[in-house]
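Since the structure comes first, as structure tokens, the remarks are kept for the end.
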Amino acid sequence: MSTSTASSSVHEDGSPERLGIDTIRTLSMDAVAKAKSGHIGTPMGLAPVGYTLWSQFLRIDPDKPDWPNRDRFVLSVGHASMLLYSLIHLAGIREIDKNGKPSGAPAVSLEDIKNFRQLGSKTPGHPEYRHTTGVETTTGPLGAGCGNSVGMAIAERWLAARYNREGFPIFDHDVYTFCGDGDMMEGVASEAASLAGHLKLSNLCWIYDSNHVSIEGGTDLAFDEDVGKRFQAYGWNVIHVNDANDTRAVAAAIETFKATNDKPTFIVVHSIIGYGSSIAGTAKAHGEAMTHEDIAGTKKAYGWPEDAQFLVPDGVAERFQAAISGRGKPLREAWEAMLAKYKQAHPDLGKELDALFADKLPDGWDADIPTFPTDEKGMASRDAGGKVLNAIAPKLPWLVGGSADLAPSTKTLIDNGGSFEADSYGGRNMHFGVREHGMGSVVDGMALSHLRSYGATFLVFSDYMRPPIRLAAIMEIGAIFVFTHDSIGVGEDGPTHQPIEQLVGLRAVPGLDVIRPCDANETAWAWRVAIRNNNQPTALIFSRQALPTLDRSKYASAEGLTKGGYILAEAKGGDPEIILISAGSEVSLVVAAHERLAAAGVRSQVVSMPSWYLFEQQDQAYKDKVLPPNVTARLAVEMGSEVGWDRYVGLAGRTITMHSFGASAPIAKLQDKFGFTVDNVVNTANDMLGKGK
């Protein structure tokens, strides 16, 4: 009976609902047992809630799982991935490939479930966006899914405000999130919940699995607050369900959510982790493998054949699919018919929606990006970034974002864009408050909903945002993270606000394009690259202090930024003796040193290296042209950590970088103290060449 689809001995009470719920439970048990790895307790406890939500409420069409107005389901408790995989399998969701094309194959087959947590399977240990159809966001780091769901709910409200017209509710979907005790302990969920309550996101429903168990033991070891009261204080509608197995009470709670139109809903569901097993309600049910005997005993308690593995009894999948498709398919078909009429009535908006759904940029989106004239005084790259952002925004309506209470400093306010608030969901300027971690997760959720979203703060506070930045890179989504105050150039604010190790930390994230432009024109190209990177996150690193706008008739075009690194100034009088490499605000310093070296007859070549990531994507011939292998005298200059520059300067090279934290003082004094002066660059270069001072 290991893979049978029929069993007359299963559930003598004949309850189709109970049969479906226990199918989810036993599939989860069998997958974890076969993998000898995974988390079984939460799928067993939450199976009735998942079954009820999906079979009675969730608006999806398994044949077209990427339908734009579908409801979103987020499993923030990503360790319970087998719950989601079981639901996707039983729902009959069909696969969408990485090119967005339907393949016709099951998104999660029974064979995929048998290969849970195995190399190359569609059922990894934690759900992964793009990897498995039906997974709306990558989850596992607790609290992240909660933050993403707030971003999804914000996106729905913004899209509805912009595109819905009388008789055309193009966007009216809901967002459901399963969360647990761990989510409630993580600060990011609290940040996101506070913002959602402020914004009165009535399209958002979190279902909290309150099982009072964590890995170390009962949650009362570290966590005994009244979470429901906390959410009431956030401005949420709080509902309690005393027993997760009471599916009528679960359904009634969701009905109350559907009827609530002035605040998000928080449903506290009291469950028993590892329900039905001998370890139910204990920490062992969280992540420890159940023994063969315990699995058999649990199945017996369910009325299940004890020796059956991966059993899907007759009719279970068919009933589940009929319930979901019977609701979702007519809704999707009616929506598509409405969209066709909408495009006739509102052709310009229809054209926008076509581009938005396809993740394409409008024609001429970058036509108004300025070219900045040569200016020795120049401007801070944060100021240039603000000008470029506002040149793009009118041509790219779904560019939406904001800052962590720092828009006047980060220069990321969209002029005349309005504020996104509970009474003005069409505003394009988000006010995230001082919630960097929450901001990053919300920005990811907005990007997952087709918006070109961005969030901004000071570079030193990127540490608060590393989890959502990392997840954006894993998911390959086009979230944009704007960081200003990029170095010890912050000055008097001192070492707490002067980033040192943050640049190298961001550069270490696989798939994250970190761009640190050297002047206003490189900044313009940096924004172009970021907007084009729809399937890749970008970190834009801008200065607070003014940077000279280089004379591009004398030096190379700023378009070289698109290759990550380029020869900004060639050696005068022959092949280079030394290569000077830099990024961001220090490039103009290196250029000044280059001119002085040239006047003294030293042949130096200046390389602007705004993006290590883009440079590494170039072919070897190009990289060898920019950094000729025979020139081993190389000097890198950056007001940040030296870590990583060795890949470009080599064993014979040197760096002028930071080896300590900064200090509180005016920028000029800091540059003198830490060696970021033309004199020091020139002297170091001469010393490397054995030419003395």
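If you're wondering about the labels, chains in the structure tokens are A, B, ... by order shown, residues count from 1 in each chain, ligands from 1 in order shown.
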What's the 7 Å shell around A:Leu75, counting only C-alpha atoms, without same-chain residues fewer than 2 positions away, as a list in words?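 Result of the neighbour search: Phe73, Val77, Gly78, Thr139, Gly145, Thr177, Phe178 and Cys179 of chain A.
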Could you go through stretch 393-543 of chain A and tell me which residues DSSP, when run on the backbone, assigns to alpha helix (DSSP H), listing them as a PyMOL selection string? chain A and resi 407-410+436-447+466-475+502-507+520-532
Write down as a ChimeraX atom specification the residues belonging to stretch 428-596 of chain A that are assigned strand (DSSP E or B) by DSSP computed on the backbone. /A:429-431,452-458,480-484,513-515,538-541,546-549,566-569,578-582
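Nearest-residue note for A:Arg319: choosing from A:Trp54, A:Phe372, A:Tyr342, A:Tyr622, the minimum distance belongs to A:Trp54, counting only C-alpha atoms.
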Mind checking which residues fall within 9 Å of stretch 152-164 of chain A, counting only C-alpha atoms, ignoring those fewer than 2 positions away in the same chain, and posting them as an MDAnalysis selection string? chainID A and resid 69 72 147:150 166:175 196 199 201:204 349:350 353 398 420 424:428 442:451
